[in-house]
Structures are given as C-alpha cells and as structure tokens.
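Below is work32.cif, holding mmCIF, C-alpha atoms.
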```
data_model
loop_
_atom_site.label_atom_id
_atom_site.label_comp_id
_atom_site.auth_asym_id
_atom_site.auth_seq_id
_atom_site.Cartn_x
_atom_site.Cartn_y
_atom_site.Cartn_z
CA MET A 1 100.86 102.93 55.71
CA MET A 2 101.86 101.20 58.93
CA ILE A 3 102.95 102.30 62.35
CA ASP A 4 106.30 100.58 62.64
CA ARG A 5 107.46 101.64 66.07
CA THR A 6 106.20 102.70 69.45
CA ALA A 7 105.75 106.43 69.83
CA SER A 8 103.81 108.69 72.11
CA ALA A 9 102.66 112.25 72.64
CA GLY A 10 101.12 114.11 75.52
CA SER A 11 101.08 113.30 79.20
CA LEU A 12 99.03 111.83 82.00
CA GLU A 13 98.63 115.22 83.59
CA SER A 14 95.21 116.66 84.29
CA SER A 15 93.44 118.10 81.20
CA ASP A 16 95.86 116.33 78.88
CA ALA A 17 95.95 112.92 77.22
CA MET A 18 98.78 110.54 76.55
CA VAL A 19 98.48 108.88 73.19
CA THR A 20 100.68 105.90 72.41
CA VAL A 21 100.89 104.19 69.07
CA GLY A 22 102.57 100.96 68.16
CA PRO A 23 102.68 98.35 65.40
CA HIS A 24 99.78 96.01 64.76
CA PRO A 25 99.96 92.92 62.52
CA ASP A 26 96.60 93.38 60.84
CA GLY A 27 94.29 96.32 61.28
CA ILE A 28 93.65 98.98 63.85
CA GLU A 29 93.01 98.51 67.56
CA ILE A 30 92.21 101.47 69.74
CA SER A 31 91.92 101.32 73.50
CA VAL A 32 90.81 104.16 75.72
CA THR A 33 91.12 104.83 79.43
CA SER A 34 89.35 107.95 80.60
CA PRO A 35 87.32 109.21 83.52
CA VAL A 36 84.64 109.91 80.91
CA GLU A 37 85.17 106.71 78.89
CA ARG A 38 81.46 105.85 79.05
CA GLN A 39 80.31 109.16 77.65
CA PHE A 40 83.12 109.97 75.26
CA GLY A 41 85.07 106.75 74.69
CA ASP A 42 83.45 106.06 71.34
CA ARG A 43 83.98 109.61 70.20
CA MET A 44 87.67 109.42 71.10
CA ARG A 45 88.02 106.18 69.19
CA ALA A 46 86.25 107.74 66.21
CA THR A 47 88.60 110.72 66.32
CA ALA A 48 91.62 108.42 66.35
CA ARG A 49 90.23 106.36 63.48
CA GLU A 50 89.55 109.46 61.45
CA ILE A 51 93.09 110.76 61.92
CA LEU A 52 94.56 107.36 61.01
CA ASN A 53 92.38 107.28 57.87
CA THR A 54 93.44 110.76 56.87
CA LYS A 55 97.08 109.76 57.15
CA GLY A 56 96.43 106.51 55.32
CA VAL A 57 97.46 104.34 58.25
CA THR A 58 95.97 100.85 58.00
CA ASN A 59 97.86 99.01 60.76
CA ALA A 60 98.22 100.46 64.23
CA THR A 61 97.75 99.89 67.93
CA VAL A 62 96.56 103.08 69.57
CA ARG A 63 96.22 103.60 73.28
CA ILE A 64 94.58 106.77 74.55
CA ASP A 65 94.99 107.55 78.24
CA ASP A 66 92.74 110.54 78.60
CA ARG A 67 92.87 112.76 81.66
CA GLY A 68 90.07 115.05 80.66
CA ALA A 69 91.59 116.59 77.55
CA LEU A 70 89.61 118.93 75.31
CA ASP A 71 88.83 117.57 71.87
CA CYS A 72 91.37 119.85 70.23
CA THR A 73 94.07 118.72 72.66
CA LEU A 74 93.26 115.08 72.04
CA ARG A 75 93.42 115.58 68.28
CA ALA A 76 96.78 117.27 68.54
CA ARG A 77 98.12 114.45 70.70
CA ILE A 78 96.87 111.75 68.34
CA GLU A 79 98.25 113.50 65.26
CA THR A 80 101.65 113.97 66.89
CA ALA A 81 101.87 110.40 68.14
CA VAL A 82 100.84 108.97 64.76
CA GLY A 83 103.27 111.29 63.00
CA ARG A 84 106.09 110.06 65.25
CA GLY A 85 105.10 106.44 64.71
CA ILE A 86 105.46 106.70 60.93
CA ALA A 87 108.22 109.29 60.63
CA PRO A 88 111.37 108.19 58.83
CA ARG A 89 114.11 107.14 61.18
CA MET B 90 99.34 127.40 95.56
CA PHE B 91 100.96 127.26 92.17
CA ALA B 92 104.60 126.44 92.02
CA ALA B 93 106.72 126.42 88.91
CA PHE B 94 108.28 123.00 88.91
CA THR B 95 110.98 121.92 86.55
CA GLU B 96 112.00 118.37 85.85
CA ARG B 97 115.16 116.77 84.60
CA TRP B 98 117.05 113.49 84.58
CA ILE B 99 119.46 113.22 87.45
CA ARG B 100 122.38 110.97 88.22
CA ASP B 101 122.56 108.62 91.16
CA ALA B 102 126.13 109.72 91.81
CA GLY B 103 126.30 113.38 92.68
CA PRO B 104 124.47 115.84 94.90
CA GLU B 105 121.05 115.39 93.27
CA GLY B 106 121.27 111.65 93.70
CA ARG B 107 122.04 112.19 97.35
CA ASP B 108 119.00 114.49 97.67
CA ARG B 109 116.89 111.81 96.06
CA ARG B 110 118.05 109.14 98.46
CA GLU B 111 117.29 111.48 101.34
CA LEU B 112 113.84 112.27 99.98
CA LEU B 113 112.94 108.61 99.54
CA ALA B 114 114.30 107.72 102.98
CA ARG B 115 112.28 110.53 104.52
CA LEU B 116 109.14 109.13 102.86
CA GLY B 117 109.94 105.66 104.16
CA LEU B 118 110.55 104.32 100.66
CA SER B 119 113.34 102.05 99.55
CA VAL B 120 115.86 103.35 97.08
CA PRO B 121 115.90 101.22 93.95
CA ALA B 122 119.28 100.21 92.61
CA THR B 123 119.80 101.58 89.14
CA ASP B 124 121.95 100.36 86.30
CA ASP B 125 123.25 101.95 83.15
CA GLY B 126 120.24 102.62 80.95
CA ASP B 127 117.94 103.15 83.91
CA ARG B 128 116.76 106.71 84.37
CA ILE B 129 116.08 108.80 87.44
CA LEU B 130 113.81 111.82 87.19
CA GLY B 131 113.95 114.74 89.58
CA VAL B 132 111.33 117.46 89.96
CA PHE B 133 112.52 120.73 91.46
CA ASP B 134 110.69 123.74 92.81
CA GLY B 135 111.50 127.37 92.09
CA SER B 136 114.37 127.37 94.56
CA GLU B 137 115.90 124.23 93.04
CA ARG B 138 114.79 122.03 95.90
CA LEU B 139 114.11 118.41 94.93
CA VAL B 140 110.41 117.87 95.63
CA GLY B 141 109.70 114.67 93.76
CA THR B 142 111.42 111.77 92.06
CA GLY B 143 110.78 108.54 90.22
CA SER B 144 112.89 106.10 88.30
CA LEU B 145 112.66 103.73 85.40
CA VAL B 146 114.48 100.49 86.21
CA GLY B 147 114.26 98.18 83.23
CA ALA B 148 110.54 98.14 82.46
CA THR B 149 109.58 98.94 86.03
CA ILE B 150 108.67 102.27 87.55
CA ARG B 151 110.19 102.47 90.98
CA GLY B 152 111.11 104.89 93.70
CA LEU B 153 108.24 107.28 93.09
CA GLY B 154 107.95 109.82 95.83
CA ALA B 155 107.07 113.46 96.38
CA LEU B 156 107.01 115.80 99.33
CA PRO B 157 103.58 115.66 100.96
CA GLU B 158 103.04 119.41 100.51
CA CYS B 159 103.48 119.09 96.73
CA ARG B 160 101.36 116.03 96.10
CA ASP B 161 98.16 117.84 95.19
CA GLU B 162 99.83 119.60 92.32
CA GLY B 163 100.00 116.69 89.95
CA ILE B 164 103.62 115.85 90.55
CA ALA B 165 102.98 112.12 90.39
CA ALA B 166 101.27 112.50 87.01
CA ARG B 167 104.17 114.55 85.79
CA ILE B 168 106.82 112.08 86.93
CA VAL B 169 104.95 109.02 85.68
CA SER B 170 104.30 110.71 82.31
CA ALA B 171 107.99 111.39 81.86
CA LEU B 172 108.94 107.84 82.86
CA VAL B 173 106.34 106.24 80.57
CA THR B 174 107.45 108.44 77.68
CA GLU B 175 111.07 107.49 78.30
CA ALA B 176 110.23 103.78 78.52
CA LEU B 177 108.38 103.99 75.21
CA ARG B 178 111.29 105.84 73.67
CA GLN B 179 113.47 102.90 74.75
CA GLY B 180 111.06 100.61 72.88
CA LYS B 181 109.39 99.07 75.92
CA THR B 182 105.74 98.25 75.40
CA GLU B 183 104.75 96.88 78.79
CA LEU B 184 105.48 98.65 82.07
CA TYR B 185 105.14 97.56 85.68
CA VAL B 186 104.95 99.14 89.06
CA PHE B 187 105.78 97.32 92.24
CA THR B 188 104.71 99.57 95.06
CA LYS B 189 103.09 99.86 98.46
CA PRO B 190 99.38 99.01 98.43
CA GLU B 191 98.40 102.51 99.54
CA THR B 192 100.14 103.98 96.48
CA ALA B 193 98.27 101.72 94.05
CA PRO B 194 95.38 104.21 93.59
CA VAL B 195 97.83 106.88 92.42
CA PHE B 196 98.87 104.62 89.56
CA GLN B 197 95.34 103.40 88.90
CA ALA B 198 94.30 107.03 88.42
CA LEU B 199 97.12 107.23 85.85
CA SER B 200 95.69 104.30 83.85
CA PHE B 201 97.78 101.52 85.36
CA ASP B 202 95.85 98.30 86.01
CA LEU B 203 96.07 96.41 89.25
CA VAL B 204 97.44 92.89 88.85
CA ALA B 205 97.49 91.92 92.52
CA ARG B 206 97.50 93.60 95.89
CA THR B 207 98.47 92.34 99.34
CA ASP B 208 98.88 94.06 102.73
CA ASP B 209 102.48 94.87 101.83
CA ALA B 210 102.67 95.34 98.09
CA ALA B 211 100.81 95.99 94.90
CA LEU B 212 101.72 95.11 91.32
CA LEU B 213 100.31 97.20 88.50
CA GLU B 214 100.87 97.17 84.76
CA TRP B 215 100.41 99.27 81.67
CA SER B 216 100.60 97.98 78.12
CA VAL B 217 100.64 99.80 74.79
CA ALA B 218 98.19 97.15 73.57
CA GLY B 219 95.63 98.32 76.13
CA ARG B 220 94.10 96.57 79.09
CA GLU B 221 92.11 94.07 77.02
CA ARG B 222 94.86 92.93 74.65
CA GLY B 223 97.99 93.49 76.74
CA GLY B 224 99.20 92.28 80.09
CA LEU B 225 97.31 89.92 82.35
CA ALA B 226 93.99 89.73 80.48
CA PRO B 227 95.19 87.76 77.44
CA PHE B 228 97.34 85.52 79.65
CA LEU B 229 94.27 84.59 81.69
CA SER B 230 92.13 83.99 78.62
CA ALA B 231 94.81 81.68 77.21
CA LEU B 232 94.67 79.72 80.48
CA SER B 233 90.87 79.57 80.29
CA ASP B 234 91.17 78.26 76.75
CA ALA B 235 93.65 75.59 77.87
CA ALA B 236 91.20 74.53 80.58
CA ALA B 237 88.15 74.45 78.28
CA GLY B 238 86.44 71.06 78.39
CA ARG B 239 88.62 69.93 81.31
CA PRO B 240 87.23 69.08 84.73
CA ASP B 241 86.53 71.60 87.50
CA GLY B 242 88.41 71.23 90.76
CA ALA B 243 91.70 70.58 89.00
CA GLY B 244 95.15 70.63 90.56
CA ALA B 245 98.13 72.79 89.69
CA ALA B 246 101.85 72.70 90.29
CA VAL B 247 104.50 75.22 89.39
CA VAL B 248 107.95 73.92 88.56
CA ASN B 249 111.14 75.55 87.41
CA ALA B 250 112.53 72.12 86.57
CA ASN B 251 116.12 73.18 86.23
CA PRO B 252 116.29 70.38 85.10
CA PHE B 253 113.30 68.02 85.46
CA THR B 254 114.27 65.35 88.01
CA LEU B 255 112.71 62.26 89.57
CA GLY B 256 111.72 64.59 92.40
CA HIS B 257 109.53 66.63 90.04
CA ARG B 258 108.28 63.47 88.42
CA TYR B 259 107.21 62.04 91.78
CA LEU B 260 105.46 65.28 92.74
CA LEU B 261 103.54 65.48 89.47
CA GLU B 262 102.72 61.77 89.36
CA THR B 263 101.35 61.89 92.91
CA ALA B 264 99.40 65.06 92.20
CA ALA B 265 98.00 63.68 88.94
CA ALA B 266 96.79 60.58 90.78
CA ARG B 267 94.86 62.75 93.24
CA ALA B 268 93.42 65.48 91.02
CA PRO B 269 90.96 65.05 88.15
CA HIS B 270 93.35 67.03 85.98
CA LEU B 271 96.74 68.55 86.67
CA TYR B 272 98.11 71.76 85.17
CA VAL B 273 101.86 72.07 85.36
CA LEU B 274 103.06 75.64 84.94
CA VAL B 275 106.71 75.85 84.00
CA VAL B 276 108.47 79.00 85.19
CA GLU B 277 109.17 80.90 82.02
CA GLU B 278 111.69 83.45 83.23
CA ASP B 279 114.91 82.59 81.45
CA ARG B 280 117.36 83.15 84.28
CA SER B 281 118.04 79.55 85.14
CA VAL B 282 120.98 77.41 84.08
CA PHE B 283 118.74 75.35 81.79
CA PRO B 284 116.99 77.53 79.21
CA PHE B 285 113.21 77.70 79.26
CA ASP B 286 112.62 75.81 76.01
CA LEU B 287 114.65 72.87 77.27
CA ARG B 288 113.09 72.92 80.74
CA PHE B 289 109.62 72.99 79.17
CA ALA B 290 110.40 70.13 76.79
CA LEU B 291 111.83 68.01 79.61
CA VAL B 292 108.70 68.49 81.73
CA ARG B 293 106.45 67.73 78.76
CA ASP B 294 108.39 64.63 77.74
CA GLY B 295 108.78 63.50 81.34
CA THR B 296 105.00 63.58 81.93
CA ALA B 297 103.81 62.49 78.48
CA ASP B 298 102.68 59.12 79.86
CA LEU B 299 100.37 60.78 82.41
CA GLY B 300 97.04 61.16 80.64
CA ASN B 301 95.57 63.94 82.78
CA VAL B 302 98.46 66.37 82.80
CA SER B 303 98.71 69.58 80.78
CA VAL B 304 102.05 71.36 80.72
CA LEU B 305 101.70 75.13 80.28
CA ARG B 306 104.04 78.07 80.05
CA GLY B 307 104.16 80.02 83.30
CA GLY B 308 104.26 83.30 81.43
CA PRO B 309 105.11 86.57 83.14
CA TYR B 310 102.70 86.06 86.04
CA VAL B 311 103.92 82.85 87.68
CA ILE B 312 107.17 83.23 89.63
CA SER B 313 108.51 85.78 87.21
CA SER B 314 110.74 88.80 87.60
CA ARG B 315 107.50 90.79 87.65
CA THR B 316 105.68 88.90 90.35
CA PHE B 317 108.61 87.54 92.33
CA PRO B 318 111.82 89.43 91.57
CA SER B 319 113.63 88.21 94.70
CA TYR B 320 113.30 84.59 93.52
CA PHE B 321 115.93 85.51 90.95
CA THR B 322 117.89 88.20 92.75
CA ARG B 323 118.36 86.20 95.97
CA ASP B 324 117.12 89.08 98.04
CA ASP B 325 115.79 87.09 100.97
CA ALA B 326 114.67 90.16 102.89
CA VAL B 327 111.88 90.99 100.47
CA ALA B 328 111.18 87.41 99.41
CA GLN B 329 108.21 87.15 101.71
CA VAL B 330 106.58 90.26 100.26
CA HIS B 331 107.05 88.95 96.73
CA ALA B 332 106.03 85.40 97.64
CA THR B 333 102.79 86.68 99.13
CA LEU B 334 102.07 88.75 96.05
CA ASP B 335 102.76 85.84 93.69
CA ALA B 336 100.56 83.56 95.82
CA THR B 337 97.75 86.13 95.85
CA LEU B 338 97.90 86.54 92.09
CA PHE B 339 97.78 82.76 91.71
CA ALA B 340 94.83 82.37 94.07
CA GLU B 341 92.77 85.28 92.81
CA ARG B 342 93.41 85.28 89.08
CA ILE B 343 95.22 82.19 87.80
CA ALA B 344 93.44 79.44 89.78
CA PRO B 345 89.96 80.68 88.75
CA ALA B 346 91.03 80.83 85.08
CA LEU B 347 92.10 77.18 85.21
CA ARG B 348 89.28 76.19 87.62
CA VAL B 349 91.98 74.90 89.96
CA THR B 350 91.19 74.20 93.62
CA GLU B 351 94.36 72.46 94.74
CA ARG B 352 97.98 73.47 94.49
CA PHE B 353 100.67 70.85 94.94
CA VAL B 354 104.14 71.70 96.21
CA GLY B 355 107.17 69.66 97.15
CA THR B 356 108.63 70.01 100.62
CA GLU B 357 111.66 72.25 100.43
CA PRO B 358 114.73 71.04 102.27
CA TYR B 359 117.36 73.45 100.96
CA CYS B 360 116.28 76.74 99.50
CA PRO B 361 115.09 79.40 101.94
CA VAL B 362 113.31 81.44 99.25
CA THR B 363 111.34 78.41 98.06
CA ARG B 364 110.51 77.60 101.67
CA THR B 365 109.24 81.14 102.17
CA TYR B 366 107.16 80.72 99.03
CA ASN B 367 105.61 77.48 100.28
CA GLU B 368 104.71 79.17 103.56
CA ALA B 369 103.09 82.03 101.67
CA LEU B 370 101.07 79.60 99.57
CA LYS B 371 99.84 77.84 102.71
CA ARG B 372 98.80 81.15 104.22
CA VAL B 373 97.26 82.80 101.15
CA LEU B 374 95.62 80.07 99.09
CA PRO B 375 93.25 78.19 101.44
CA PRO B 376 91.17 81.26 102.44
CA ARG B 377 90.74 81.87 98.70
CA GLY B 378 89.42 78.40 97.99
CA VAL B 379 92.63 76.65 96.91
CA ARG B 380 93.97 73.81 99.07
CA VAL B 381 97.72 73.42 99.37
CA THR B 382 99.06 69.90 99.46
CA GLU B 383 102.71 69.38 100.30
CA ILE B 384 104.26 66.23 98.91
CA PRO B 385 107.42 64.95 100.61
CA ARG B 386 110.58 64.99 98.53
CA VAL B 387 111.94 61.77 97.13
CA GLU B 388 115.32 60.78 98.55
CA ARG B 389 118.17 58.84 97.02
CA ASP B 390 121.12 57.79 99.17
CA GLY B 391 119.81 59.73 102.14
CA GLU B 392 119.70 63.03 100.26
CA ALA B 393 116.68 64.70 98.69
CA VAL B 394 116.56 64.46 94.92
CA SER B 395 116.89 68.04 93.81
CA ALA B 396 117.75 69.86 90.64
CA SER B 397 120.55 71.68 92.44
CA ARG B 398 122.14 68.31 93.27
CA VAL B 399 121.92 67.34 89.61
CA ARG B 400 123.48 70.63 88.51
CA ARG B 401 126.28 70.17 91.02
CA LEU B 402 127.07 66.70 89.71
CA ILE B 403 127.14 67.98 86.14
CA ARG B 404 129.42 70.86 87.13
CA GLU B 405 131.74 68.34 88.72
CA GLY B 406 131.83 66.32 85.52
CA ARG B 407 129.84 63.44 87.01
CA LEU B 408 127.02 63.30 84.46
CA ALA B 409 126.73 59.49 84.69
CA GLU B 410 125.84 59.77 88.38
CA THR B 411 122.79 61.92 87.61
CA ARG B 412 121.15 58.90 86.04
CA ALA B 413 119.81 57.75 89.41
CA LEU B 414 118.20 61.15 89.98
CA LEU B 415 116.60 61.76 86.60
CA PRO B 416 113.79 60.33 84.52
CA ALA B 417 115.15 58.61 81.42
CA THR B 418 113.76 61.44 79.28
CA THR B 419 115.90 64.04 81.06
CA TYR B 420 119.00 61.86 81.35
CA ASP B 421 118.90 60.89 77.68
CA ALA B 422 118.45 64.52 76.65
CA LEU B 423 121.46 65.58 78.72
CA VAL B 424 123.63 62.78 77.35
CA ALA B 425 122.59 63.71 73.82
CA ILE B 426 123.56 67.36 74.35
CA GLU B 427 126.88 66.35 75.89
CA ARG B 428 127.63 64.00 72.98
CA LYS B 429 126.81 66.54 70.32
CA LYS B 430 128.84 69.30 71.90
CA GLU B 431 131.87 68.59 69.70
CA SER B 432 129.95 68.61 66.42
CA ASP B 433 127.09 71.01 66.94
CA PRO B 434 127.74 74.61 68.03
CA GLU B 435 124.25 74.98 69.52
CA SER B 436 124.74 71.95 71.74
CA ALA B 437 128.20 73.19 72.62
CA ALA B 438 126.82 76.53 73.83
CA LEU B 439 124.05 74.80 75.72
CA TRP B 440 126.41 72.36 77.36
CA LYS B 441 128.75 75.14 78.35
CA ARG B 442 125.86 76.97 80.00
CA ILE B 443 124.82 73.81 81.86
CA ALA B 444 128.28 72.64 82.86
CA LEU B 445 129.43 76.02 84.13
CA GLY B 446 126.08 77.01 85.53
CA THR B 447 125.61 78.31 88.99
CA GLY B 448 122.48 79.62 90.57
CA ARG B 449 120.02 78.91 93.25
CA HIS B 450 117.14 77.38 91.36
#
```

Using structure tokens, write down the structure that the file contains.
Amino acid sequence: MMIDRTASAGSLESSDAMVTVGPHPDGIEISVTSPVERQFGDRMRATAREILNTKGVTNATVRIDDRGALDCTLRARIETAVGRGIAPR
Amino acid sequence: MFAAFTERWIRDAGPEGRDRRELLARLGLSVPATDDGDRILGVFDGSERLVGTGSLVGATIRGLGALPECRDEGIAARIVSALVTEALRQGKTELYVFTKPETAPVFQALSFDLVARTDDAALLEWSVAGRERGGLAPFLSALSDAAAGRPDGAGAAVVNANPFTLGHRYLLETAAARAPHLYVLVVEEDRSVFPFDLRFALVRDGTADLGNVSVLRGGPYVISSRTFPSYFTRDDAVAQVHATLDATLFAERIAPALRVTERFVGTEPYCPVTRTYNEALKRVLPPRGVRVTEIPRVERDGEAVSASRVRRLIREGRLAETRALLPATTYDALVAIERKKESDPESAALWKRIALGTGRH
C-alpha cells in the first residue's frame, strides 16, 4: 500500500507530536525533529516503521516533529496520520 | 496561570479582523494582505478577547503575534500547529516563514529550519520531506554536484534574462573572461513575461560558445518569491529588507556550495529594486568573502541595452528593431515564435504573453 496524499495528525504543542505523511516514489523515508532526537530518534523511527509495516505501507514519507510526546501519544499520532494518508477519498 | 483558550478561523472583514489588525499593530507587526484561500486564525481567551493570531498566506506563515502576557502558554505552538495542519490539508508540502530575526527562535523551537537571518528579517522553512531531503539542503547539494571538479574561486551571476539581451551577454562574457569558471543562475520564479523554460534556454544557447560557463536553475533560493518577494510585488518599501536577506543567503549558503568568491552584476540604470539589490550585494557579500564586481551596461544609440527596452519594442510591434539589442540566438528564437504563431497554438499563446506583457523585470 502507498501513501498517496499529504496528511497529518497531532500538533506542535508541548508533550505532543505532529506527524505528517506524504507520498514517496520508492520506499520509506522517516525524518525526526525532537528535543530528545539523540536519545530517542531511532526508537521513534522504529515505531513509525513498525506501524507502516503493520498497515502494509511500502511507500511513504514520514515526518515526526516531536515535542516531548509519550510513546503512546506518538503511536496514536502516527497511526492516525498514516490512516488519513491512505484513507479512501 | 491556566487560561482556557479557544481558536477559530476569522475573517479579515468584520470585527474580529479589526481586532487582529489592532493586535498586530500594537505588537509592531505588519498586517499581511490576505487573499481568498488564505486563512487567518484567532485565539481567544475565556472572555472572548483576541489574544493571538497568525495567518497562512499561500505557503507562508505570516502575521503571527500574541499578547505578551499569554506567550508562555504555548499560544505560538497552537497557532503554528493549526496553520501547518491547514496548509497540509490544502496540499502544500513546503512552508515558509518570513519574520523578524528575534522571532526566528520561536519557529526553530517548532521545527522550522533557518534559511537565512539578517538584522531585519529571518527566513525559515519546513518541508514534509524533512530537513535533509526537503528545502534548502537538497538545493545546495545539487549546486555542490554541479561544481564538482570545477575550479575554486569561481564567479557567479544571477540573471532573470527576460529575455536574454546583448547586455546580459556582455556581462557574462566579461565575467567569464575574468573568472576561472562562471556559474549563471537563472531566476526560476515564473512571474516574468518570458516563461522560465524559454529564459533558461536563451541564456544557455546565448552562452554555449563560452567554454567556462555553467547555466543553472536559480531554484527557490535565488531571487524568488521566498527570498525576495518584493522583487515581484514591486513593494519598494521592503525591497531593502528582502534584498539583504537574499544577498545573505547567497553569501552564506549558495556561494560556498559553488565555491564562488566573486559575484558579477550589471550597473542598473532604470530599476530601483534592482539598484537596491546591487547595493545590498555590495554591502553584504565582501565581508563574507565574496567580491562584487559591477560591469557597466552596454549602450546602443545612447540608451542602455535592457530587457525592458526589448519588451517595450515587442509590445509596440517593432520586433525587427530588437535585432540590434539581442544576440542572434535570442532574436532568432523570437522571430521563430512570432512566425509560428499562426500555425502552432503553443507559439500563439507564448507570443501573446510576450507581446502583451508588462512588468518590471
């Protein structure tokens, strides 16, 4: 499955994360901005990858702008954004 | 103190729009003009007082302001989140902020990346593709690639070439004779009478005989609506602010990517915005290691050869007279378009655009 449009979930407010997904021609690219990017950047990317895998998404650009979100919040934001990016029009 | 804020889209016309203009004026901020499709967000406190605002104008976030007493409560994050979400909903994938330098950190904390900053302005960007793959970074790496294997200490010139005249030709020829290599960046913004593809082709064809010249697309970071909006809007009042920002971006990011140490410009006899730009280059570039060399304009019949003169002649139906002002490559291309306008709809549309065209550059 492919992300075929830009979609987002969440916000840039403190303790939240804004997750944006968009199309990608071949594969998955995930970028992260976060005050704790060094410590948790890889984990956030892994979480995003896992959610994309679960949903069978093979092509996607994912941008995570984390503002100190808890893991459960981040997951919810990623799932919602991905869901919106592949939902039927 | 916790305050229950609510946010909603407001209209420029109407009482809330008036409150917004008052709020921005009180904060010493300019009020961005908005069009249909642009959105203005208002944030209100419990007593329905407007405490913060921001707007989405095209792909640009503008007019962000909040009452000082509310700033610690994450209002900026709230407004910017709503504006980014709205921009994405509209299908935009790259967003910009043109703001005062002291406000840049607010946006940087919200994941916007600084493109350039001067004493008067800062330009920031945000791309869905992320900071490595979107925005300035890939543009700079494409420039580095174009400069790979070419000499250090190269020269650069930026031309709009609307269209490419003997004046441009003289500038580039002189520059190419002085620099070990010359990069010509063609303004890519498609707001000129001559469309970008044609302008680019005319520069390329008109310099093909010069062995040490590379013609490159100016992209969104060389005299573009992002870096230099007043170049296109004719807003002279802010031209200096934009010119300085564009010059700073060139000196600090673009010149190093191309390993350029000299920028060539033509003297500007007519256009005040271009003159302002040349002044900004002369002020900003040398302290950053880039010399600015001004080359006098070529004259024909006591008048500087300029693209605006060529456009005027064409508008007046005097195409044949442009021959003395144009390299053969440009003149032949124009004649060919004019000839084909009866038979080929694409040429007809192009000719119409050229022959009716007005505009400063």

message: Give me the residues near segment 96-109 of chain B as a list in words, where near means some atom within 7 Å (using all atoms listed in the file) and where sequence neighbours in that chain fewer than 2 positions away do not count.
response: Phe94, Glu111, Leu112, Leu113, Arg128, Ile129, Leu130, Gly131, Val132, Phe133, Leu139 and Thr142 of chain B

- request: Pull out every residue of chain A that has at least one atom within 9 Å of chain B, counting only C-alpha atoms, and report them as a ChimeraX atom specification.
  value: /A:5-14,18,20-22,29-35,61-67

- request: Do a neighbour search on Cys72 of chain A at 12 Å with all atoms listed in the file, toss out local chain neighbours closer than 4 positions, and write the hits as number ranges by chain.
  value: A: 15-17, 44, 47, 68, 76-79

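Within the 8 Å cut-off around segment 283-292 of chain B, using all atoms listed in the file and omitting residues fewer than 5 positions from it on the same chain, the listed residues are Asn249, Ala250, Asn251, Pro252, Phe253, Val275, Val276, Glu277, Glu278, Val304, Arg306, Thr418, Thr419, Arg442 and Ile443 of chain B.
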
task: Could you check which of B:Arg364, B:Arg377, B:Arg428, B:Arg151 is closest to Trp440 of chain B, using only C-alpha atoms?
output: B:Arg428

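When only C-alpha atoms are used to compute distances to Thr411 of chain B, the closest of the residues B:Ala268, B:Ala231, B:Leu255, B:Ala340 turns out to be B:Leu255.
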
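A straight line drawn from atom CA of Val146 of chain B to atom CA of Asp127 of chain B is 4.9 Å long.
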
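Shortest separation to Tyr310 of chain B among B:Asp208, B:Glu351, B:Asp335, B:Asp124 occurs at residue B:Asp335, atoms counted being all atoms listed in the file.
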
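If you measure from each of B:Lys429, B:Gly446, B:Tyr259, B:Val381 to Leu415 of chain B using all atoms listed in the file, the closest one turns out to be B:Tyr259.
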
- request: Counting all atoms listed in the file, write as a PyMOL selection string all protein and nucleic acid residues lying at most 12 Å from (99.1, 112.2, 60.6) in the file's frame.
  value: chain A and resi 1-3+21+48-57+75-87

message: Given the point (101.5, 61.9, 89.5) in the file's coordinates, find the residues that have an atom at most 12 Å from it, counting only C-alpha atoms, and give them as a PyMOL selection string.
response: chain B and resi 244-246+255-273+295-303+353+384

Take the residues just selected and output them with C-alpha atoms as a PDB file, keeping the file's coordinate frame.
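Okay, result_36.pdb is ready:
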```pdb
ATOM      1  CA  GLY B 244      95.150  70.630  90.560  1.00  0.00           C
ATOM      2  CA  ALA B 245      98.130  72.790  89.690  1.00  0.00           C
ATOM      3  CA  ALA B 246     101.850  72.700  90.290  1.00  0.00           C
ATOM      4  CA  LEU B 255     112.710  62.260  89.570  1.00  0.00           C
ATOM      5  CA  GLY B 256     111.720  64.590  92.400  1.00  0.00           C
ATOM      6  CA  HIS B 257     109.530  66.630  90.040  1.00  0.00           C
ATOM      7  CA  ARG B 258     108.280  63.470  88.420  1.00  0.00           C
ATOM      8  CA  TYR B 259     107.210  62.040  91.780  1.00  0.00           C
ATOM      9  CA  LEU B 260     105.460  65.280  92.740  1.00  0.00           C
ATOM     10  CA  LEU B 261     103.540  65.480  89.470  1.00  0.00           C
ATOM     11  CA  GLU B 262     102.720  61.770  89.360  1.00  0.00           C
ATOM     12  CA  THR B 263     101.350  61.890  92.910  1.00  0.00           C
ATOM     13  CA  ALA B 264      99.400  65.060  92.200  1.00  0.00           C
ATOM     14  CA  ALA B 265      98.000  63.680  88.940  1.00  0.00           C
ATOM     15  CA  ALA B 266      96.790  60.580  90.780  1.00  0.00           C
ATOM     16  CA  ARG B 267      94.860  62.750  93.240  1.00  0.00           C
ATOM     17  CA  ALA B 268      93.420  65.480  91.020  1.00  0.00           C
ATOM     18  CA  PRO B 269      90.960  65.050  88.150  1.00  0.00           C
ATOM     19  CA  HIS B 270      93.350  67.030  85.980  1.00  0.00           C
ATOM     20  CA  LEU B 271      96.740  68.550  86.670  1.00  0.00           C
ATOM     21  CA  TYR B 272      98.110  71.760  85.170  1.00  0.00           C
ATOM     22  CA  VAL B 273     101.860  72.070  85.360  1.00  0.00           C
ATOM     23  CA  GLY B 295     108.780  63.500  81.340  1.00  0.00           C
ATOM     24  CA  THR B 296     105.000  63.580  81.930  1.00  0.00           C
ATOM     25  CA  ALA B 297     103.810  62.490  78.480  1.00  0.00           C
ATOM     26  CA  ASP B 298     102.680  59.120  79.860  1.00  0.00           C
ATOM     27  CA  LEU B 299     100.370  60.780  82.410  1.00  0.00           C
ATOM     28  CA  GLY B 300      97.040  61.160  80.640  1.00  0.00           C
ATOM     29  CA  ASN B 301      95.570  63.940  82.780  1.00  0.00           C
ATOM     30  CA  VAL B 302      98.460  66.370  82.800  1.00  0.00           C
ATOM     31  CA  SER B 303      98.710  69.580  80.780  1.00  0.00           C
ATOM     32  CA  PHE B 353     100.670  70.850  94.940  1.00  0.00           C
ATOM     33  CA  ILE B 384     104.260  66.230  98.910  1.00  0.00           C
TER      34      ILE B 384
END
```
